[in-house]
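Asks: Sharing coords_27.cif, mmCIF, C-alpha atoms:
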data_coords
#
loop_
_atom_site.label_atom_id
_atom_site.label_comp_id
_atom_site.auth_asym_id
_atom_site.auth_seq_id
_atom_site.Cartn_x
_atom_site.Cartn_y
_atom_site.Cartn_z
CA MET A 364 -20.34 -6.09 -8.28
CA PRO A 365 -21.02 -2.34 -7.95
CA HIS A 366 -17.90 -0.21 -7.76
CA LYS A 367 -17.39 2.76 -5.48
CA TYR A 368 -15.47 4.79 -8.05
CA ASP A 369 -17.01 5.92 -11.33
CA GLY A 370 -14.75 7.46 -13.96
CA ALA A 371 -17.19 10.16 -15.01
CA ASP A 372 -17.79 11.23 -11.41
CA LEU A 373 -14.09 11.02 -10.47
CA LEU A 374 -13.31 13.57 -13.19
CA GLY A 375 -16.42 15.64 -12.58
CA LEU A 376 -17.41 15.24 -16.24
CA PRO A 377 -20.19 17.47 -17.58
CA GLU A 378 -23.20 15.62 -18.98
CA THR A 379 -22.09 16.49 -22.51
CA ALA A 380 -18.92 14.43 -22.05
CA ARG A 381 -20.55 11.35 -20.50
CA GLN A 382 -21.09 8.14 -22.44
CA GLN A 383 -22.41 4.63 -21.78
CA HIS A 384 -21.09 2.22 -24.39
CA ARG A 385 -19.93 -1.35 -23.88
CA ILE A 386 -16.57 -2.23 -25.42
CA THR A 387 -16.00 -5.84 -26.42
CA LYS A 388 -12.88 -7.72 -25.41
CA LYS A 389 -12.38 -8.52 -29.08
CA MET A 390 -12.14 -4.80 -29.84
CA LEU A 391 -9.43 -4.34 -27.18
CA ALA A 392 -7.52 -7.42 -28.28
CA ALA A 393 -7.80 -6.83 -32.04
CA GLN A 394 -4.65 -4.67 -32.26
CA PHE A 395 -2.49 -7.49 -30.89
CA GLU A 396 -3.92 -10.58 -32.58
CA ASP A 397 -1.44 -10.61 -35.47
CA GLN A 398 1.80 -9.30 -33.96
CA ALA A 399 1.38 -10.38 -30.31
CA PRO A 400 -1.18 -13.19 -29.99
CA ALA A 401 -0.14 -13.89 -26.38
CA ASP A 402 -1.13 -10.34 -25.44
CA ALA A 403 -4.44 -10.73 -27.24
CA ARG A 404 -5.11 -13.94 -25.29
CA LEU A 405 -4.23 -12.21 -22.02
CA ILE A 406 -6.75 -9.45 -22.68
CA THR A 407 -9.42 -12.02 -23.50
CA LYS A 408 -8.66 -13.95 -20.31
CA ALA A 409 -8.15 -11.10 -17.85
CA VAL A 410 -10.82 -8.58 -18.90
CA ALA A 411 -14.29 -9.44 -17.61
CA SER A 412 -15.96 -6.36 -19.14
CA ALA A 413 -15.12 -2.90 -20.48
CA GLN A 414 -17.11 0.27 -20.97
CA LEU A 415 -16.64 3.73 -22.41
CA VAL A 416 -17.98 6.17 -19.81
CA GLY A 417 -16.83 9.48 -21.27
CA ILE A 418 -15.02 11.29 -24.06
CA LEU A 419 -13.11 14.51 -23.49
CA ARG A 420 -13.48 16.68 -26.59
CA PRO A 421 -13.02 20.43 -27.11
CA GLU A 422 -16.74 20.85 -27.62
CA THR A 423 -17.75 18.77 -24.57
CA ILE A 424 -15.31 20.11 -21.98
CA GLN A 425 -14.54 23.54 -23.48
CA VAL A 426 -10.79 22.94 -23.76
CA PRO A 427 -8.92 23.50 -27.07
CA LYS A 428 -7.46 20.58 -29.01
CA TYR A 429 -3.69 20.22 -29.26
CA GLN A 430 -1.45 19.77 -32.27
CA ASP A 431 2.25 20.16 -33.01
CA SER A 432 4.68 18.55 -35.46
CA GLU A 433 4.78 15.29 -33.49
CA ARG A 434 1.40 14.98 -31.78
CA ALA A 435 -2.29 15.67 -32.28
CA VAL A 436 -4.75 15.23 -29.40
CA VAL A 437 -8.35 15.90 -30.34
CA ASP A 438 -10.13 13.66 -27.84
CA ILE A 439 -9.45 11.48 -24.78
CA PRO A 440 -11.63 8.46 -23.99
CA VAL A 441 -12.49 7.56 -20.39
CA LEU A 442 -12.70 3.78 -19.99
CA GLU A 443 -13.61 1.45 -17.17
CA VAL A 444 -12.35 -2.14 -17.19
CA VAL A 445 -13.47 -4.86 -14.80
CA LEU A 446 -10.81 -7.56 -14.39
CA ALA A 447 -11.64 -11.22 -14.01
CA ASP A 448 -11.26 -12.97 -10.66
CA ARG A 449 -7.79 -14.28 -9.83
CA THR A 450 -5.99 -11.94 -12.23
CA THR A 451 -2.45 -11.66 -10.91
CA ALA A 452 -0.86 -8.30 -10.09
CA ALA A 453 1.60 -8.76 -12.97
CA ASP A 454 -1.19 -9.53 -15.44
CA ARG A 455 -3.17 -6.57 -14.10
CA THR A 456 -0.30 -4.21 -14.91
CA ARG A 457 0.30 -5.83 -18.29
CA VAL A 458 -3.36 -5.66 -19.35
CA THR A 459 -3.58 -2.04 -18.24
CA GLU A 460 -0.56 -1.11 -20.36
CA LEU A 461 -2.00 -3.03 -23.32
CA VAL A 462 -5.23 -1.02 -23.16
CA HIS A 463 -3.21 2.20 -23.29
CA ARG A 464 -1.16 0.86 -26.20
CA SER A 465 -4.26 -0.27 -28.12
CA MET A 466 -5.28 3.31 -28.96
CA ALA A 467 -3.51 6.12 -30.79
CA LYS A 468 -4.43 8.70 -28.15
CA PRO A 469 -4.16 9.35 -24.41
CA VAL A 470 -6.61 7.31 -22.34
CA VAL A 471 -8.04 7.72 -18.85
CA LEU A 472 -8.52 4.19 -17.52
CA LEU A 473 -10.21 2.97 -14.35
CA VAL A 474 -9.38 -0.62 -13.43
CA HIS A 475 -11.84 -2.41 -11.16
CA VAL A 476 -10.43 -5.45 -9.35
CA SER A 477 -12.43 -8.37 -7.94
CA ASP A 478 -11.64 -7.40 -4.33
CA GLY A 479 -13.67 -4.23 -4.82
CA THR A 480 -10.75 -1.82 -5.22
CA THR A 481 -10.24 0.54 -8.15
CA ALA A 482 -7.06 1.97 -9.66
CA VAL A 483 -6.63 4.98 -11.92
CA SER A 484 -4.25 4.27 -14.80
CA LEU A 485 -2.69 6.95 -17.02
CA ALA A 486 0.12 6.83 -19.55
CA LEU A 487 2.29 9.41 -21.28
CA SER A 488 2.45 7.96 -24.77
CA HIS A 489 2.96 8.76 -28.43
CA VAL A 490 1.58 7.22 -31.62
CA SER A 491 3.71 4.29 -32.72
CA ARG A 492 5.98 5.27 -35.61
CA THR A 493 6.46 1.64 -36.63
CA ASP A 494 2.73 0.95 -36.90
CA PRO A 495 1.79 1.54 -40.57
CA THR A 496 -1.83 2.13 -39.55
CA ARG A 497 -0.77 4.62 -36.83
CA SER A 498 -3.54 3.21 -34.65
CA THR A 499 -1.49 2.17 -31.60
CA SER A 500 0.68 3.93 -29.04
CA VAL A 501 4.07 3.50 -27.43
CA ILE A 502 4.14 4.14 -23.67
CA ASP A 503 6.82 6.56 -22.46
CA ALA A 504 5.75 6.44 -18.80
CA HIS A 505 2.87 4.76 -16.98
CA VAL A 506 1.33 5.29 -13.55
CA MET A 507 -1.40 3.36 -11.75
CA VAL A 508 -2.64 4.60 -8.37
CA PRO A 509 -5.40 3.27 -6.06
CA ALA A 510 -8.37 5.60 -6.44
CA GLY A 511 -8.91 5.50 -2.68
CA ARG A 512 -5.59 7.32 -2.14
CA ILE A 513 -6.52 10.30 -4.30
CA GLU A 514 -8.03 13.31 -2.58
CA LEU A 515 -11.73 13.72 -3.32
CA GLY A 516 -12.34 16.25 -6.10
CA ALA A 517 -8.65 16.56 -6.98
CA LEU A 518 -9.21 15.17 -10.49
CA TYR A 519 -12.14 17.39 -11.44
CA LEU A 520 -11.42 18.80 -14.89
CA GLU A 521 -12.22 22.33 -13.74
CA ARG A 522 -9.20 22.19 -11.40
CA LEU A 523 -6.72 21.05 -14.05
CA ASP A 524 -4.66 22.97 -16.61
CA ARG A 525 -7.14 23.95 -19.32
CA THR A 526 -4.63 25.50 -21.75
CA ASP A 527 -5.34 22.66 -24.20
CA ILE A 528 -6.41 19.02 -24.03
CA TRP A 529 -2.83 17.63 -23.92
CA ALA A 530 -1.88 20.03 -21.12
CA LEU A 531 -5.00 18.90 -19.25
CA TYR A 532 -4.04 15.23 -19.58
CA ARG A 533 -0.46 15.85 -18.43
CA ASP A 534 -1.78 17.77 -15.43
CA LEU A 535 -4.09 14.83 -14.70
CA VAL A 536 -1.08 12.47 -14.81
CA ARG A 537 0.89 14.75 -12.48
CA THR A 538 -2.02 15.00 -10.06
CA VAL A 539 -2.75 11.27 -9.98
CA ALA A 540 0.94 10.41 -9.46
CA ALA A 541 0.89 12.63 -6.35
CA ASP A 542 -2.38 11.23 -4.93
CA GLY A 543 -4.18 14.44 -5.81
CA ARG A 544 -1.81 16.81 -4.03
CA PRO A 545 1.13 17.53 -6.36
CA ALA A 546 3.90 19.96 -5.57
CA GLY A 547 4.08 23.28 -7.46
CA THR A 548 3.32 23.58 -11.14
CA ALA A 549 7.04 23.31 -11.95
CA LEU A 550 6.68 19.56 -11.31
CA GLN A 551 6.26 17.95 -14.73
CA ALA A 552 4.13 14.86 -15.42
CA ALA A 553 7.06 12.59 -16.31
CA ASP A 554 8.97 13.73 -13.22
CA ALA A 555 5.92 13.04 -11.03
CA ILE A 556 5.71 9.48 -12.35
CA ALA A 557 9.44 8.93 -11.73
CA LEU A 558 9.15 10.29 -8.19
CA ARG A 559 6.10 8.12 -7.53
CA ARG A 560 8.00 5.02 -8.63
CA GLN A 561 11.03 6.00 -6.53
CA LEU A 562 8.81 6.58 -3.49
CA SER A 563 7.09 3.21 -3.91
CA ASP A 564 10.46 1.44 -4.19
CA LEU A 565 11.79 3.18 -1.06
CA GLU A 566 8.65 2.36 0.93
CA ALA A 567 8.85 -1.29 -0.11
CA GLU A 568 12.52 -1.40 0.87
CA LEU A 569 11.75 0.20 4.25
CA THR A 570 9.05 -2.39 4.95
CA THR A 571 11.56 -5.19 4.29
CA VAL A 572 14.31 -3.58 6.42
CA VAL A 573 11.96 -2.97 9.37
CA ARG A 574 10.75 -6.57 9.21
CA ASP A 575 14.31 -7.91 9.07
CA ALA A 576 15.34 -5.70 12.01
CA LYS A 577 12.53 -7.12 14.15
CA GLN A 578 13.58 -10.66 13.28
CA ALA A 579 17.35 -10.14 13.64
CA LYS A 580 18.83 -12.10 16.56
CA ASN A 581 22.26 -10.48 16.34
CA GLN A 582 22.32 -7.05 18.05
CA GLN A 583 24.94 -5.60 15.70
CA ARG A 584 22.86 -6.66 12.69
CA ARG A 585 19.78 -5.09 14.29
CA ILE A 586 21.64 -1.80 14.79
CA GLU A 587 22.77 -1.82 11.16
CA LEU A 588 19.23 -2.44 9.92
CA ASN A 589 17.75 0.27 12.16
CA THR A 590 20.36 2.71 10.83
CA GLN A 591 19.41 1.73 7.29
CA ALA A 592 15.73 2.26 8.14
CA ARG A 593 16.44 5.79 9.39
CA MET A 594 18.27 6.60 6.16
CA LEU A 595 15.37 5.26 4.11
CA ARG A 596 12.87 7.37 6.09
CA THR A 597 14.98 10.43 5.36
CA GLN A 598 15.01 9.59 1.65
CA ILE A 599 11.24 9.00 1.70
CA GLU A 600 10.67 12.37 3.32
CA ARG A 601 12.89 14.08 0.72
CA VAL A 602 11.23 12.40 -2.28
CA GLY A 603 7.78 12.95 -0.78
CA GLY A 604 8.59 16.61 -0.28
CA THR A 605 9.42 16.95 -3.98
CA LEU A 606 6.31 15.06 -5.12
CA TYR A 607 3.68 16.35 -2.71
CA ARG A 608 2.64 19.77 -1.53
CA ALA A 609 4.84 20.94 1.31
CA ASP A 610 1.97 20.99 3.80
CA ASP A 611 1.24 17.32 3.06
CA VAL A 612 4.75 15.89 3.36
CA ASP A 613 4.12 14.34 6.76
CA GLY A 614 1.21 12.33 5.38
CA ALA A 615 2.86 11.49 2.10
CA SER A 616 5.02 8.61 3.23
#
Would you encode the structure as structure tokens?
Replies:
Amino acid sequence: MPHKYDGADLLGLPETARQQHRITKKMLAAQFEDQAPADARLITKAVASAQLVGILRPETIQVPKYQDSERAVVDIPVLEVVLADRTTAADRTRVTELVHRSMAKPVVLLVHVSDGTTAVSLALSHVSRTDPTRSTSVIDAHVMVPAGRIELGALYLERLDRTDIWALYRDLVRTVAADGRPAGTALQAADAIALRRQLSDLEAELTTVVRDAKQAKNQQRRIELNTQARMLRTQIERVGGTLYRADDVDGAS
């Protein structure tokens, strides 16, 4: 099935950074076969196909590499994964996190689902200190957002922080978490992920409260639920205002 969203196009990658290489499921699962065979089996079952569509390197995107005492980022792969039919939402999240963990570097991941939708998955991570081969990562924070919610062109590399390649990735995380319209540059990537999760939880709670209010037969109970719904809308507006640009708050919730 053709997919509407292409990772290379979504990031506006220059030709020098584009790739077309198939990645085998065995390669993705290999890191987990010994220590976590159940995770290896899940990858084999849930991933229909995988492809490398780009690599962000200093020489291909004209952004310096990054290195400090704890981290070195010299390149960032851009992967696309097509999930098998009937993959559950829980397995989808688990497989996505496993792909991020399977590499000792930041990864840009596009996840194509059988219903035709695509999600952008990013993770703030660090190389595992307990892995003697130092070939896997530990996830500090993870975000996965439907690509259709992100403003067109918002993820183009030319629009992101180009101080160094790690700064660029963190700015990408921040931008994706805010659907392409993050609040001011003071908003950090980890904070954007936390706000995104808080917003999603509040919106889910509001949906449940509104449904229960419509179904409530007792008037007093209906009043209580409607009051709770108003409070939740206020919280959603506040969190949205912190996550999104001020001029987009009304459309953020």
Asks: When you count all atoms listed in the file, which of these residues is closest to Ala546 in chain A: A:Ala579, A:Leu558, A:Val445, A:Val437?
Replies: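 With all atoms listed in the file as the atom set, the closest residue is A:Leu558.
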Asks: What's the separation between CA of Ala567 in chain A and CA of Ile599 in chain A, in Å to one decimal place?
Replies: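 Between CA of Ala567 in chain A and CA of Ile599 in chain A the gap works out to 10.7 Å.
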Asks: Just checking: using only C-alpha atoms, which residue out of A:Asp542, A:Asp448, A:Asp503, A:Asp494 ends up closest to Val410 in chain A?
Replies: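 Closest candidate: A:Asp448.
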Asks: Rounded to one decimal place, report the CA of Val476 in chain A-CA of Ile418 in chain A distance in Å.
Replies: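 Taking CA of Val476 in chain A as the start and CA of Ile418 in chain A as the end point, the length is 22.8 Å.
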Asks: So that I can check the surroundings of range 520-535 of chain A, please list as number ranges by chain every protein, DNA and RNA residue that reaches within 7 Å of it, counting all atoms listed in the file and ignoring chain neighbours fewer than 3 positions away.
Replies: A: 374-375, 426-429, 436, 538-539, 552
Asks: For this file, the PyMOL selection byres ((chain A and resi 563) around 12) selects which residues, as a VMD selection string?
Replies: chain A and resid 506 to 508 540 to 541 556 to 562 564 to 570 595 598 to 599 602 to 603 606 615 to 616
Asks: I'd like to know which of A:Glu422, A:Glu587, A:Asp369, A:Asp454 is closest to Val483 in chain A, using all atoms listed in the file.
Replies: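 Using all atoms listed in the file, Val483 in chain A sits closest to A:Asp369.
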Asks: Find the distance between CA of Ala517 in chain A and CA of Thr548 in chain A and write it in Å to one decimal.
Replies: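 Answer for the CA of Ala517 in chain A to CA of Thr548 in chain A separation: 14.5 Å.
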Asks: Using only C-alpha atoms, which residue out of A:Arg455, A:His475, A:Arg593, A:His463 lies closest to Ser488 in chain A?
Replies: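 Among A:Arg455, A:His475, A:Arg593, A:His463, it is A:His463 that comes nearest to Ser488 in chain A.
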Asks: Expand the PyMOL selection byres ((chain A and resi 380) around 9) into the individual residues it matches in the shown file, reporting them as a count of residues only.
Replies: 15
Asks: Tell me which residues come within 12 Å of (1.5, 4.9, -20.7), as a PDB file with C-alpha atoms, in the frame of the given file, counting all atoms listed in the file in the file's coordinates.
Replies:
ATOM      1  CA  THR A 456      -0.300  -4.210 -14.910  1.00  0.00           C
ATOM      2  CA  ARG A 457       0.300  -5.830 -18.290  1.00  0.00           C
ATOM      3  CA  VAL A 458      -3.360  -5.660 -19.350  1.00  0.00           C
ATOM      4  CA  THR A 459      -3.580  -2.040 -18.240  1.00  0.00           C
ATOM      5  CA  GLU A 460      -0.560  -1.110 -20.360  1.00  0.00           C
ATOM      6  CA  LEU A 461      -2.000  -3.030 -23.320  1.00  0.00           C
ATOM      7  CA  VAL A 462      -5.230  -1.020 -23.160  1.00  0.00           C
ATOM      8  CA  HIS A 463      -3.210   2.200 -23.290  1.00  0.00           C
ATOM      9  CA  ARG A 464      -1.160   0.860 -26.200  1.00  0.00           C
ATOM     10  CA  SER A 465      -4.260  -0.270 -28.120  1.00  0.00           C
ATOM     11  CA  MET A 466      -5.280   3.310 -28.960  1.00  0.00           C
ATOM     12  CA  ALA A 467      -3.510   6.120 -30.790  1.00  0.00           C
ATOM     13  CA  LYS A 468      -4.430   8.700 -28.150  1.00  0.00           C
ATOM     14  CA  PRO A 469      -4.160   9.350 -24.410  1.00  0.00           C
ATOM     15  CA  VAL A 470      -6.610   7.310 -22.340  1.00  0.00           C
ATOM     16  CA  VAL A 471      -8.040   7.720 -18.850  1.00  0.00           C
ATOM     17  CA  LEU A 472      -8.520   4.190 -17.520  1.00  0.00           C
ATOM     18  CA  VAL A 483      -6.630   4.980 -11.920  1.00  0.00           C
ATOM     19  CA  SER A 484      -4.250   4.270 -14.800  1.00  0.00           C
ATOM     20  CA  LEU A 485      -2.690   6.950 -17.020  1.00  0.00           C
ATOM     21  CA  ALA A 486       0.120   6.830 -19.550  1.00  0.00           C
ATOM     22  CA  LEU A 487       2.290   9.410 -21.280  1.00  0.00           C
ATOM     23  CA  SER A 488       2.450   7.960 -24.770  1.00  0.00           C
ATOM     24  CA  HIS A 489       2.960   8.760 -28.430  1.00  0.00           C
ATOM     25  CA  VAL A 490       1.580   7.220 -31.620  1.00  0.00           C
ATOM     26  CA  THR A 499      -1.490   2.170 -31.600  1.00  0.00           C
ATOM     27  CA  SER A 500       0.680   3.930 -29.040  1.00  0.00           C
ATOM     28  CA  VAL A 501       4.070   3.500 -27.430  1.00  0.00           C
ATOM     29  CA  ILE A 502       4.140   4.140 -23.670  1.00  0.00           C
ATOM     30  CA  ASP A 503       6.820   6.560 -22.460  1.00  0.00           C
ATOM     31  CA  ALA A 504       5.750   6.440 -18.800  1.00  0.00           C
ATOM     32  CA  HIS A 505       2.870   4.760 -16.980  1.00  0.00           C
ATOM     33  CA  VAL A 506       1.330   5.290 -13.550  1.00  0.00           C
ATOM     34  CA  MET A 507      -1.400   3.360 -11.750  1.00  0.00           C
ATOM     35  CA  TYR A 532      -4.040  15.230 -19.580  1.00  0.00           C
ATOM     36  CA  ARG A 533      -0.460  15.850 -18.430  1.00  0.00           C
ATOM     37  CA  VAL A 536      -1.080  12.470 -14.810  1.00  0.00           C
ATOM     38  CA  ALA A 552       4.130  14.860 -15.420  1.00  0.00           C
ATOM     39  CA  ALA A 553       7.060  12.590 -16.310  1.00  0.00           C
ATOM     40  CA  ILE A 556       5.710   9.480 -12.350  1.00  0.00           C
TER      41      ILE A 556
END
Asks: I need the output of the PyMOL selection byres ((chain A and resi 547) around 10) for this file as a ChimeraX atom specification; which residues are they?
Replies: /A:544-546,548-551,605-609
Asks: May I have the selected residues written with C-alpha atoms, as a PDB file, in the frame of the given file?
Replies:
ATOM      1  CA  ARG A 544      -1.810  16.810  -4.030  1.00  0.00           C
ATOM      2  CA  PRO A 545       1.130  17.530  -6.360  1.00  0.00           C
ATOM      3  CA  ALA A 546       3.900  19.960  -5.570  1.00  0.00           C
ATOM      4  CA  THR A 548       3.320  23.580 -11.140  1.00  0.00           C
ATOM      5  CA  ALA A 549       7.040  23.310 -11.950  1.00  0.00           C
ATOM      6  CA  LEU A 550       6.680  19.560 -11.310  1.00  0.00           C
ATOM      7  CA  GLN A 551       6.260  17.950 -14.730  1.00  0.00           C
ATOM      8  CA  THR A 605       9.420  16.950  -3.980  1.00  0.00           C
ATOM      9  CA  LEU A 606       6.310  15.060  -5.120  1.00  0.00           C
ATOM     10  CA  TYR A 607       3.680  16.350  -2.710  1.00  0.00           C
ATOM     11  CA  ARG A 608       2.640  19.770  -1.530  1.00  0.00           C
ATOM     12  CA  ALA A 609       4.840  20.940   1.310  1.00  0.00           C
TER      13      ALA A 609
END
Asks: Give me, as a list in words, all polymer residues having an atom no more than 6 Å from Ile513 in chain A, counting only C-alpha atoms and skipping those fewer than 2 positions away in the same chain.
Replies: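 Once the nearby chain positions are removed, what remains is Ala510, Gly511, Asp542 and Gly543 of chain A.
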Asks: Find, counting all atoms listed in the file, the residue in A:Ser498, A:Thr590, A:Thr450, A:Asn581 that gets nearest to Phe395 in chain A.
Replies: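 Of A:Ser498, A:Thr590, A:Thr450, A:Asn581, the one nearest Phe395 in chain A, counting all atoms listed in the file, is A:Ser498.
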Asks: For Ala482 in chain A, which residue out of A:Val444, A:Ala555, A:Leu518, A:Met390 is the nearest one, using only C-alpha atoms?
Replies: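 The closest residue to Ala482 in chain A is A:Val444.
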